[in-house]
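Coordinates from final15.pdb are shown below (PDB, C-alpha atoms and all ligand atoms).
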ATOM      1  CA  MET A   1     -20.755  -2.237   9.117
ATOM      2  CA  ARG A   2     -18.608  -4.782   7.313
ATOM      3  CA  GLN A   3     -19.003  -6.400   3.944
ATOM      4  CA  GLY A   4     -19.386 -10.213   4.308
ATOM      5  CA  THR A   5     -16.541 -12.476   3.332
ATOM      6  CA  GLY A   6     -14.532 -12.240   0.130
ATOM      7  CA  THR A   7     -11.122 -12.748  -1.420
ATOM      8  CA  ALA A   8      -8.199 -10.435  -0.708
ATOM      9  CA  LEU A   9      -4.646 -10.103  -1.969
ATOM     10  CA  VAL A  10      -2.068  -8.572   0.355
ATOM     11  CA  THR A  11       1.417  -7.425  -0.712
ATOM     12  CA  GLY A  12       4.462  -7.650   1.570
ATOM     13  CA  ALA A  13       2.701 -10.140   3.810
ATOM     14  CA  ASN A  14       5.422 -12.501   5.041
ATOM     15  CA  ARG A  15       5.763 -10.404   8.207
ATOM     16  CA  GLY A  16       4.599  -7.261   9.988
ATOM     17  CA  LEU A  17       1.325  -5.527   9.209
ATOM     18  CA  GLY A  18       0.755  -7.456   5.985
ATOM     19  CA  LEU A  19       0.934 -10.822   7.734
ATOM     20  CA  GLU A  20      -1.373  -9.629  10.514
ATOM     21  CA  ALA A  21      -3.875  -8.247   7.979
ATOM     22  CA  CYS A  22      -3.930 -11.717   6.343
ATOM     23  CA  ARG A  23      -4.559 -13.331   9.703
ATOM     24  CA  GLN A  24      -7.377 -10.943  10.663
ATOM     25  CA  LEU A  25      -9.065 -11.319   7.276
ATOM     26  CA  GLY A  26      -8.635 -15.103   7.474
ATOM     27  CA  ARG A  27     -10.313 -15.122  10.865
ATOM     28  CA  LEU A  28     -13.224 -13.186   9.382
ATOM     29  CA  GLY A  29     -13.652 -16.075   6.967
ATOM     30  CA  TRP A  30     -11.951 -14.506   3.950
ATOM     31  CA  ARG A  31      -9.820 -16.345   1.406
ATOM     32  CA  VAL A  32      -6.491 -14.522   1.280
ATOM     33  CA  TRP A  33      -3.655 -14.497  -1.232
ATOM     34  CA  LEU A  34      -0.614 -13.765   0.898
ATOM     35  CA  THR A  35       2.168 -12.435  -1.333
ATOM     36  CA  ALA A  36       5.808 -11.741  -0.552
ATOM     37  CA  PRO A  37       9.043 -11.299  -2.517
ATOM     38  CA  ASP A  38      10.806 -14.286  -0.954
ATOM     39  CA  SER A  39       9.120 -17.627  -1.704
ATOM     40  CA  LYS A  40      10.510 -19.471   1.308
ATOM     41  CA  GLU A  41       9.504 -16.785   3.812
ATOM     42  CA  GLY A  42       6.147 -16.263   2.142
ATOM     43  CA  GLN A  43       5.333 -19.977   2.093
ATOM     44  CA  GLN A  44       6.378 -20.323   5.749
ATOM     45  CA  ALA A  45       4.115 -17.434   6.767
ATOM     46  CA  CYS A  46       1.279 -18.944   4.752
ATOM     47  CA  ASP A  47       1.757 -22.423   6.298
ATOM     48  CA  TRP A  48       1.716 -20.854   9.738
ATOM     49  CA  LEU A  49      -1.665 -19.193   9.130
ATOM     50  CA  ARG A  50      -3.038 -22.319   7.463
ATOM     51  CA  SER A  51      -2.131 -24.272  10.594
ATOM     52  CA  GLU A  52      -4.745 -22.066  12.333
ATOM     53  CA  GLY A  53      -7.267 -23.423   9.826
ATOM     54  CA  LEU A  54      -7.389 -20.216   7.766
ATOM     55  CA  ASP A  55      -8.008 -20.139   4.003
ATOM     56  CA  ILE A  56      -4.635 -18.600   3.028
ATOM     57  CA  HIS A  57      -2.656 -19.171  -0.184
ATOM     58  CA  PHE A  58       0.815 -17.999  -1.096
ATOM     59  CA  GLU A  59       2.043 -16.391  -4.309
ATOM     60  CA  PRO A  60       5.456 -14.758  -4.801
ATOM     61  CA  LEU A  61       5.385 -11.042  -5.652
ATOM     62  CA  ASP A  62       8.098  -8.412  -5.715
ATOM     63  CA  VAL A  63       6.064  -5.251  -6.291
ATOM     64  CA  ALA A  64       9.057  -3.498  -7.861
ATOM     65  CA  SER A  65       9.573  -6.196 -10.501
ATOM     66  CA  PRO A  66       7.434  -6.057 -13.669
ATOM     67  CA  GLU A  67       8.321  -9.718 -14.423
ATOM     68  CA  SER A  68       7.246 -10.864 -10.967
ATOM     69  CA  LEU A  69       3.985  -8.910 -11.271
ATOM     70  CA  SER A  70       3.255 -10.277 -14.751
ATOM     71  CA  SER A  71       3.726 -13.872 -13.679
ATOM     72  CA  LEU A  72       1.503 -13.335 -10.630
ATOM     73  CA  VAL A  73      -1.262 -11.897 -12.809
ATOM     74  CA  GLU A  74      -0.922 -14.819 -15.224
ATOM     75  CA  ARG A  75      -1.213 -17.416 -12.433
ATOM     76  CA  LEU A  76      -4.197 -15.684 -10.817
ATOM     77  CA  GLU A  77      -5.937 -15.424 -14.190
ATOM     78  CA  GLN A  78      -5.313 -19.113 -14.902
ATOM     79  CA  ARG A  79      -6.989 -19.960 -11.605
ATOM     80  CA  GLY A  80      -9.899 -17.636 -12.315
ATOM     81  CA  VAL A  81      -9.264 -15.597  -9.152
ATOM     82  CA  ARG A  82     -11.576 -12.636  -8.516
ATOM     83  CA  LEU A  83     -10.573 -10.149  -5.809
ATOM     84  CA  SER A  84     -12.872  -8.264  -3.458
ATOM     85  CA  ALA A  85      -9.939  -6.417  -1.858
ATOM     86  CA  LEU A  86      -6.390  -5.470  -2.784
ATOM     87  CA  ILE A  87      -4.117  -4.346   0.038
ATOM     88  CA  ASN A  88      -1.037  -2.450  -1.111
ATOM     89  CA  ASN A  89       0.931  -2.936   2.089
ATOM     90  CA  ALA A  90       4.505  -3.680   0.923
ATOM     91  CA  GLY A  91       6.818  -0.866   1.888
ATOM     92  CA  ILE A  92      10.418  -0.037   2.703
ATOM     93  CA  ALA A  93      12.113   2.608   4.838
ATOM     94  CA  MET A  94      15.831   2.434   4.079
ATOM     95  CA  GLU A  95      18.738   3.793   6.089
ATOM     96  CA  GLY A  96      20.444   6.908   4.696
ATOM     97  CA  PHE A  97      19.531   9.251   1.862
ATOM     98  CA  ASN A  98      21.013   9.174  -1.626
ATOM     99  CA  ALA A  99      19.867   8.524  -5.195
ATOM    100  CA  HIS A 100      19.898   4.733  -4.719
ATOM    101  CA  VAL A 101      17.725   5.013  -1.598
ATOM    102  CA  ALA A 102      15.374   7.449  -3.367
ATOM    103  CA  GLU A 103      15.064   5.172  -6.408
ATOM    104  CA  CYS A 104      14.422   1.952  -4.431
ATOM    105  CA  THR A 105      12.005   3.622  -2.010
ATOM    106  CA  VAL A 106       9.935   5.285  -4.723
ATOM    107  CA  ALA A 107       9.971   2.037  -6.753
ATOM    108  CA  VAL A 108       8.486  -0.014  -3.896
ATOM    109  CA  ASN A 109       6.306   2.510  -2.048
ATOM    110  CA  PHE A 110       4.891   4.509  -4.972
ATOM    111  CA  PHE A 111       5.330   2.719  -8.298
ATOM    112  CA  GLY A 112       4.701  -0.664  -6.621
ATOM    113  CA  PRO A 113       1.109   0.145  -5.571
ATOM    114  CA  LEU A 114       0.494   1.943  -8.877
ATOM    115  CA  HIS A 115       1.567  -0.993 -11.055
ATOM    116  CA  VAL A 116       0.061  -3.685  -8.817
ATOM    117  CA  THR A 117      -3.281  -1.854  -8.799
ATOM    118  CA  GLU A 118      -3.282  -1.273 -12.552
ATOM    119  CA  ARG A 119      -2.458  -4.907 -13.325
ATOM    120  CA  LEU A 120      -4.896  -6.429 -10.808
ATOM    121  CA  LEU A 121      -7.819  -4.133 -11.630
ATOM    122  CA  PRO A 122      -9.249  -6.489 -14.269
ATOM    123  CA  LEU A 123      -9.464  -9.149 -11.550
ATOM    124  CA  MET A 124     -11.338  -6.904  -9.098
ATOM    125  CA  GLU A 125     -14.984  -7.579  -8.423
ATOM    126  CA  GLU A 126     -17.638  -4.873  -8.535
ATOM    127  CA  HIS A 127     -17.486  -2.936  -5.238
ATOM    128  CA  GLY A 128     -13.864  -3.991  -4.726
ATOM    129  CA  ARG A 129     -11.780  -2.191  -2.156
ATOM    130  CA  ILE A 130      -8.224  -0.992  -2.756
ATOM    131  CA  VAL A 131      -6.265  -0.117   0.367
ATOM    132  CA  MET A 132      -3.056   1.920   0.332
ATOM    133  CA  VAL A 133      -1.003   1.614   3.524
ATOM    134  CA  SER A 134       0.419   5.081   4.012
ATOM    135  CA  SER A 135       2.177   7.007   6.771
ATOM    136  CA  SER A 136       1.475   9.993   9.000
ATOM    137  CA  LEU A 137       4.849  11.308   7.775
ATOM    138  CA  ALA A 138       3.014  12.215   4.569
ATOM    139  CA  GLU A 139       0.273  14.338   6.151
ATOM    140  CA  LEU A 140       0.260  17.592   4.170
ATOM    141  CA  LYS A 141      -0.219  19.814   7.229
ATOM    142  CA  ASP A 142       3.411  19.144   8.156
ATOM    143  CA  TYR A 143       4.759  20.723   4.942
ATOM    144  CA  PRO A 144       5.041  24.384   3.798
ATOM    145  CA  PRO A 145       2.020  25.619   1.771
ATOM    146  CA  ALA A 146       4.035  25.962  -1.463
ATOM    147  CA  PHE A 147       5.154  22.344  -1.160
ATOM    148  CA  GLN A 148       1.630  21.158  -0.313
ATOM    149  CA  ARG A 149       0.431  22.549  -3.652
ATOM    150  CA  ARG A 150       2.563  20.004  -5.525
ATOM    151  CA  PHE A 151       0.320  17.242  -4.177
ATOM    152  CA  ASP A 152      -2.907  19.065  -3.330
ATOM    153  CA  PRO A 153      -4.872  18.959  -5.491
ATOM    154  CA  PRO A 154      -3.063  15.955  -6.955
ATOM    155  CA  PRO A 155      -1.674  16.528 -10.454
ATOM    156  CA  PRO A 156      -2.780  14.171 -13.246
ATOM    157  CA  LYS A 157      -1.318  10.658 -12.960
ATOM    158  CA  GLU A 158       1.340  11.097 -15.674
ATOM    159  CA  GLN A 159       2.502  14.346 -14.083
ATOM    160  CA  LEU A 160       2.571  12.780 -10.623
ATOM    161  CA  GLN A 161       4.789   9.967 -11.885
ATOM    162  CA  ALA A 162       7.073  12.472 -13.625
ATOM    163  CA  MET A 163       7.291  14.462 -10.368
ATOM    164  CA  LEU A 164       8.373  11.366  -8.407
ATOM    165  CA  ARG A 165      10.998  10.602 -11.084
ATOM    166  CA  SER A 166      12.250  14.183 -10.951
ATOM    167  CA  PHE A 167      12.633  13.838  -7.167
ATOM    168  CA  ILE A 168      15.001  10.897  -7.727
ATOM    169  CA  GLU A 169      16.901  12.898 -10.356
ATOM    170  CA  ASP A 170      17.109  15.928  -8.037
ATOM    171  CA  VAL A 171      18.610  13.720  -5.324
ATOM    172  CA  ARG A 172      21.052  12.234  -7.860
ATOM    173  CA  THR A 173      22.214  15.677  -9.022
ATOM    174  CA  GLY A 174      22.303  17.125  -5.498
ATOM    175  CA  VAL A 175      19.674  19.839  -6.085
ATOM    176  CA  TYR A 176      16.797  18.336  -4.089
ATOM    177  CA  GLU A 177      17.010  20.960  -1.324
ATOM    178  CA  GLU A 178      16.907  23.947  -3.654
ATOM    179  CA  ARG A 179      13.997  22.284  -5.482
ATOM    180  CA  GLY A 180      12.164  22.211  -2.141
ATOM    181  CA  TRP A 181      12.109  18.438  -1.481
ATOM    182  CA  PRO A 182      12.368  17.050   2.058
ATOM    183  CA  GLY A 183      15.474  14.938   2.727
ATOM    184  CA  SER A 184      13.462  11.732   3.093
ATOM    185  CA  ALA A 185      12.644   9.348   0.278
ATOM    186  CA  TYR A 186      10.106   7.590   2.502
ATOM    187  CA  ARG A 187       8.126  10.820   3.027
ATOM    188  CA  VAL A 188       8.133  11.694  -0.668
ATOM    189  CA  SER A 189       7.112   8.157  -1.684
ATOM    190  CA  LYS A 190       4.126   8.199   0.687
ATOM    191  CA  LEU A 191       3.142  11.757  -0.352
ATOM    192  CA  GLY A 192       3.045  10.364  -3.876
ATOM    193  CA  LEU A 193       1.036   7.349  -2.702
ATOM    194  CA  ASN A 194      -1.578   9.588  -1.056
ATOM    195  CA  ALA A 195      -1.945  11.676  -4.209
ATOM    196  CA  LEU A 196      -2.238   8.457  -6.227
ATOM    197  CA  THR A 197      -4.994   7.224  -3.876
ATOM    198  CA  ARG A 198      -7.034  10.342  -4.581
ATOM    199  CA  LEU A 199      -6.542  10.042  -8.346
ATOM    200  CA  LEU A 200      -7.426   6.339  -8.432
ATOM    201  CA  ALA A 201     -10.504   6.918  -6.280
ATOM    202  CA  GLN A 202     -11.808   9.436  -8.840
ATOM    203  CA  GLU A 203     -10.831   7.278 -11.790
ATOM    204  CA  LEU A 204     -12.425   4.121 -10.384
ATOM    205  CA  LYS A 205     -15.655   5.636  -9.076
ATOM    206  CA  PRO A 206     -17.551   4.715 -12.251
ATOM    207  CA  ARG A 207     -16.345   1.115 -11.750
ATOM    208  CA  ASN A 208     -17.646   1.133  -8.146
ATOM    209  CA  GLN A 209     -14.239   0.500  -6.610
ATOM    210  CA  LEU A 210     -13.441   2.065  -3.233
ATOM    211  CA  VAL A 211      -9.869   3.380  -2.951
ATOM    212  CA  ASN A 212      -8.625   4.650   0.406
ATOM    213  CA  ALA A 213      -5.348   5.293   2.207
ATOM    214  CA  VAL A 214      -4.898   4.256   5.832
ATOM    215  CA  LEU A 215      -2.470   5.118   8.619
ATOM    216  CA  PRO A 216      -1.642   2.206  10.929
ATOM    217  CA  GLY A 217       0.052   4.461  13.495
ATOM    218  CA  TRP A 218       3.540   3.762  14.819
ATOM    219  CA  VAL A 219       3.600  -0.031  15.029
ATOM    220  CA  ARG A 220       5.983  -2.609  16.557
ATOM    221  CA  THR A 221       7.115  -4.272  13.328
ATOM    222  CA  GLN A 222      10.603  -4.595  11.881
ATOM    223  CA  MET A 223      10.036  -1.173  10.296
ATOM    224  CA  GLY A 224       8.495   0.501  13.347
ATOM    225  CA  GLY A 225      10.978  -1.023  15.812
ATOM    226  CA  PRO A 226      10.438  -2.481  19.289
ATOM    227  CA  HIS A 227       9.639   0.856  20.981
ATOM    228  CA  ALA A 228       6.703   1.756  18.750
ATOM    229  CA  ALA A 229       3.474   2.617  20.554
ATOM    230  CA  ARG A 230       1.109   0.182  18.831
ATOM    231  CA  SER A 231       0.778  -3.574  18.661
ATOM    232  CA  ILE A 232       0.704  -5.174  15.225
ATOM    233  CA  GLU A 233      -2.881  -6.312  15.892
ATOM    234  CA  ARG A 234      -4.013  -2.742  16.522
ATOM    235  CA  GLY A 235      -2.037  -1.375  13.560
ATOM    236  CA  ALA A 236      -3.591  -3.878  11.160
ATOM    237  CA  ASP A 237      -7.136  -3.047  12.296
ATOM    238  CA  ILE A 238      -7.427   0.004  10.017
ATOM    239  CA  ILE A 239      -6.145  -2.003   7.042
ATOM    240  CA  VAL A 240      -8.742  -4.733   7.551
ATOM    241  CA  TRP A 241     -11.450  -2.140   8.192
ATOM    242  CA  ALA A 242     -10.751  -0.444   4.849
ATOM    243  CA  ALA A 243     -10.589  -3.815   3.057
ATOM    244  CA  THR A 244     -14.010  -4.822   4.378
ATOM    245  CA  LEU A 245     -15.960  -1.595   3.798
ATOM    246  CA  PRO A 246     -19.538  -2.019   2.596
ATOM    247  CA  PRO A 247     -20.322  -1.046  -1.043
ATOM    248  CA  GLU A 248     -21.634   2.352   0.075
ATOM    249  CA  GLY A 249     -18.467   2.995   2.091
ATOM    250  CA  PRO A 250     -16.170   5.978   1.605
ATOM    251  CA  THR A 251     -13.686   6.390  -1.234
ATOM    252  CA  GLY A 252     -10.796   8.790  -1.786
ATOM    253  CA  GLY A 253     -10.165   9.264   1.935
ATOM    254  CA  LEU A 254      -7.307   9.064   4.417
ATOM    255  CA  PHE A 255      -8.146   7.206   7.641
ATOM    256  CA  ILE A 256      -6.674   6.577  11.064
ATOM    257  CA  ASN A 257      -8.458   4.772  13.924
ATOM    258  CA  ARG A 258     -11.351   4.185  11.499
ATOM    259  CA  ARG A 259     -11.880   7.953  11.188
ATOM    260  CA  PRO A 260     -11.239  10.259   8.223
ATOM    261  CA  ILE A 261      -8.558  12.934   8.526
ATOM    262  CA  PRO A 262      -7.441  15.673   6.095
ATOM    263  CA  TRP A 263      -4.796  14.766   3.508
TER     264      TRP A 263
HETATM  265  P1  LIG B 301       7.941  -4.497   7.746
HETATM  266  O1  LIG B 301       7.750  -5.343   8.918
HETATM  267  O2  LIG B 301       9.289  -3.957   7.416
HETATM  268  O3  LIG B 301       7.357  -5.321   6.489
HETATM  269  C1  LIG B 301       7.471  -4.817   5.192
HETATM  270  C2  LIG B 301       6.984  -5.868   4.246
HETATM  271  O4  LIG B 301       7.108  -5.354   2.901
HETATM  272  C3  LIG B 301       7.816  -7.169   4.288
HETATM  273  O5  LIG B 301       6.969  -8.254   4.098
HETATM  274  C4  LIG B 301       8.739  -7.004   3.099
HETATM  275  O6  LIG B 301       9.211  -8.217   2.543
HETATM  276  C5  LIG B 301       7.783  -6.319   2.129
HETATM  277  N1  LIG B 301       8.472  -5.755   0.982
HETATM  278  C6  LIG B 301       9.572  -4.970   0.958
HETATM  279  N2  LIG B 301       9.941  -4.738  -0.308
HETATM  280  C7  LIG B 301       9.050  -5.399  -1.101
HETATM  281  C8  LIG B 301       8.888  -5.571  -2.488
HETATM  282  N3  LIG B 301       9.742  -5.014  -3.374
HETATM  283  N4  LIG B 301       7.852  -6.320  -2.944
HETATM  284  C9  LIG B 301       6.999  -6.910  -2.084
HETATM  285  N5  LIG B 301       7.102  -6.803  -0.751
HETATM  286  C10 LIG B 301       8.126  -6.056  -0.271
HETATM  287  O7  LIG B 301       7.024  -3.197   7.766
HETATM  288  P2  LIG B 301       5.554  -2.922   8.319
HETATM  289  O8  LIG B 301       5.699  -2.040   9.488
HETATM  290  O9  LIG B 301       4.773  -4.168   8.407
HETATM  291  O10 LIG B 301       5.026  -2.005   7.133
HETATM  292  C11 LIG B 301       3.929  -2.336   6.306
HETATM  293  C12 LIG B 301       3.431  -1.046   5.685
HETATM  294  O11 LIG B 301       3.002  -0.162   6.718
HETATM  295  C13 LIG B 301       4.487  -0.296   4.887
HETATM  296  O12 LIG B 301       3.909   0.228   3.721
HETATM  297  C14 LIG B 301       4.894   0.835   5.826
HETATM  298  O13 LIG B 301       5.372   1.962   5.129
HETATM  299  C15 LIG B 301       3.586   1.122   6.524
HETATM  300  N6  LIG B 301       3.705   1.791   7.819
HETATM  301  C16 LIG B 301       4.311   1.186   8.871
HETATM  302  C17 LIG B 301       4.403   1.871  10.081
HETATM  303  C18 LIG B 301       5.041   1.254  11.308
HETATM  304  O14 LIG B 301       5.159   1.953  12.334
HETATM  305  N7  LIG B 301       5.443   0.003  11.281
HETATM  306  C19 LIG B 301       3.879   3.167  10.203
HETATM  307  C20 LIG B 301       3.268   3.752   9.105
HETATM  308  C21 LIG B 301       3.174   3.052   7.919
HETATM  309  P3  LIG B 301      10.687  -8.789   3.009
HETATM  310  O15 LIG B 301      10.501  -9.396   4.360
HETATM  311  O16 LIG B 301      11.021  -9.786   1.950
HETATM  312  O17 LIG B 301      11.614  -7.618   3.027
END

Please express the file's structure as structure tokens.
Amino acid sequence: MRQGTGTALVTGANRGLGLEACRQLGRLGWRVWLTAPDSKEGQQACDWLRSEGLDIHFEPLDVASPESLSSLVERLEQRGVRLSALINNAGIAMEGFNAHVAECTVAVNFFGPLHVTERLLPLMEEHGRIVMVSSSLAELKDYPPAFQRRFDPPPPKEQLQAMLRSFIEDVRTGVYEERGWPGSAYRVSKLGLNALTRLLAQELKPRNQLVNAVLPGWVRTQMGGPHAARSIERGADIIVWAATLPPEGPTGGLFINRRPIPW
């Protein structure tokens, strides 16, 4: 069962899964704030969806920039925007592995959703839905039990953030392997995002906000590449599903194909 229409904000939506999520929500009759770091690309994507008659609006947002986030919040507040759904979709998977890659990846994929969610929370309606777009590369079953315990149960938010920062430092000083980290900043960033989802779901229960993480599968976007198994339309389905959950819907879960799976 879906919630009726509402207003959503989607990050990283000039292309890929974010753009498709905007389109699907628009077709359901939602008003959508399509955000992207590059104004020209974002506006073009927005104009394209508007030409289909959809109620889409563009705002620039680089999720890794506090200034960009602050000015977005200011503009939304000035317009009196209230959000029924926030989709933390923006993500990067960089080539190579070094401290720069670790820092950028964690900044966009972990701290981005954390800061965007914290700053947009005052604009969320009762029974809002917060969607974290995660990855199957962060499923805990694929990691040794001792490593799993770093994230399960999730440590308190401050400790989780400190752990992600120490990962970057361990990569910088060349000790990440002996400290037990995998050699992938993308994996670590999404492990952090999943733990954050669980913490936020607990924290926001009293405010009746639903917070879930979703796995789109391996999708034919710029990130997934042309040989990926899934179409963008299919990949975005789980994102839109989680953004349109009814008020009594689940919170604090990880979902693929509209079904819950273990963290
Ligand atoms: P994509 O085509 O590479 O699109 C990524 C989007 O994120 C782009 O719009 C990009 O903007 C934006 N972005 C990057 N850095 C940003 C920043 N600092 N602030 C705001 N936006 C930023 O990737 P995708 O496949 O659609 O991925 C969307 C999400 O799904 C990501 O979180 C990804 O980890 C996740 N995911 C994808 C797959 C897959 O197979 N494709 C699988 C599992 C999970 P620019 O165009 O300006 O760079």

Next item on the list: Dump the neighbourhood of ligand LIG 301 (chain B) as a PyMOL selection string: all residues within 6 Å, distances computed on all atoms listed in the file.
Entry: chain A and resi 11-18+36-38+61-64+89-92+108+133-135+215-224

Suppose we keep C-alpha atoms; can you now write the selection as a PDB file, keeping the file's coordinate frame?
ATOM      1  CA  THR A  11       1.417  -7.425  -0.712  1.00  0.00           C
ATOM      2  CA  GLY A  12       4.462  -7.650   1.570  1.00  0.00           C
ATOM      3  CA  ALA A  13       2.701 -10.140   3.810  1.00  0.00           C
ATOM      4  CA  ASN A  14       5.422 -12.501   5.041  1.00  0.00           C
ATOM      5  CA  ARG A  15       5.763 -10.404   8.207  1.00  0.00           C
ATOM      6  CA  GLY A  16       4.599  -7.261   9.988  1.00  0.00           C
ATOM      7  CA  LEU A  17       1.325  -5.527   9.209  1.00  0.00           C
ATOM      8  CA  GLY A  18       0.755  -7.456   5.985  1.00  0.00           C
ATOM      9  CA  ALA A  36       5.808 -11.741  -0.552  1.00  0.00           C
ATOM     10  CA  PRO A  37       9.043 -11.299  -2.517  1.00  0.00           C
ATOM     11  CA  ASP A  38      10.806 -14.286  -0.954  1.00  0.00           C
ATOM     12  CA  LEU A  61       5.385 -11.042  -5.652  1.00  0.00           C
ATOM     13  CA  ASP A  62       8.098  -8.412  -5.715  1.00  0.00           C
ATOM     14  CA  VAL A  63       6.064  -5.251  -6.291  1.00  0.00           C
ATOM     15  CA  ALA A  64       9.057  -3.498  -7.861  1.00  0.00           C
ATOM     16  CA  ASN A  89       0.931  -2.936   2.089  1.00  0.00           C
ATOM     17  CA  ALA A  90       4.505  -3.680   0.923  1.00  0.00           C
ATOM     18  CA  GLY A  91       6.818  -0.866   1.888  1.00  0.00           C
ATOM     19  CA  ILE A  92      10.418  -0.037   2.703  1.00  0.00           C
ATOM     20  CA  VAL A 108       8.486  -0.014  -3.896  1.00  0.00           C
ATOM     21  CA  VAL A 133      -1.003   1.614   3.524  1.00  0.00           C
ATOM     22  CA  SER A 134       0.419   5.081   4.012  1.00  0.00           C
ATOM     23  CA  SER A 135       2.177   7.007   6.771  1.00  0.00           C
ATOM     24  CA  LEU A 215      -2.470   5.118   8.619  1.00  0.00           C
ATOM     25  CA  PRO A 216      -1.642   2.206  10.929  1.00  0.00           C
ATOM     26  CA  GLY A 217       0.052   4.461  13.495  1.00  0.00           C
ATOM     27  CA  TRP A 218       3.540   3.762  14.819  1.00  0.00           C
ATOM     28  CA  VAL A 219       3.600  -0.031  15.029  1.00  0.00           C
ATOM     29  CA  ARG A 220       5.983  -2.609  16.557  1.00  0.00           C
ATOM     30  CA  THR A 221       7.115  -4.272  13.328  1.00  0.00           C
ATOM     31  CA  GLN A 222      10.603  -4.595  11.881  1.00  0.00           C
ATOM     32  CA  MET A 223      10.036  -1.173  10.296  1.00  0.00           C
ATOM     33  CA  GLY A 224       8.495   0.501  13.347  1.00  0.00           C
TER      34      GLY A 224
END

Note to self: My list of candidates is A:Leu76, A:Leu164, A:Val211, A:Leu123. Which is closest to Phe111 in chain A when distances are computed with all atoms listed in the file?
What the structure shows: A:Leu164

Next item on the list: On this file, the PyMOL selection byres (((chain A and resi 68) around 12) and not hetatm) gives some set of residues; write that set as JSON, numbers by chain.
Entry: {"A": [35, 36, 37, 38, 39, 59, 60, 61, 62, 63, 64, 65, 66, 67, 69, 70, 71, 72, 73, 74, 75, 112, 115, 116, 119]}

Item checked: All residues 12 Å or closer to range 199-203 of chain A, all atoms listed in the file, same chain fewer than 4 positions away omitted, as a PyMOL selection string -> chain A and resi 113-115+117-118+121+128-132+151-161+192-195+207-213+250-254

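Rounded to one decimal, CA of Gln24 in chain A and CA of Cys104 in chain A lie 29.5 Å from each other.
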
Check: Rounded to one decimal in Å, what is the spacing between CA of Thr244 in chain A and CA of Ala21 in chain A?
Finding: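 The value is 11.3 Å.
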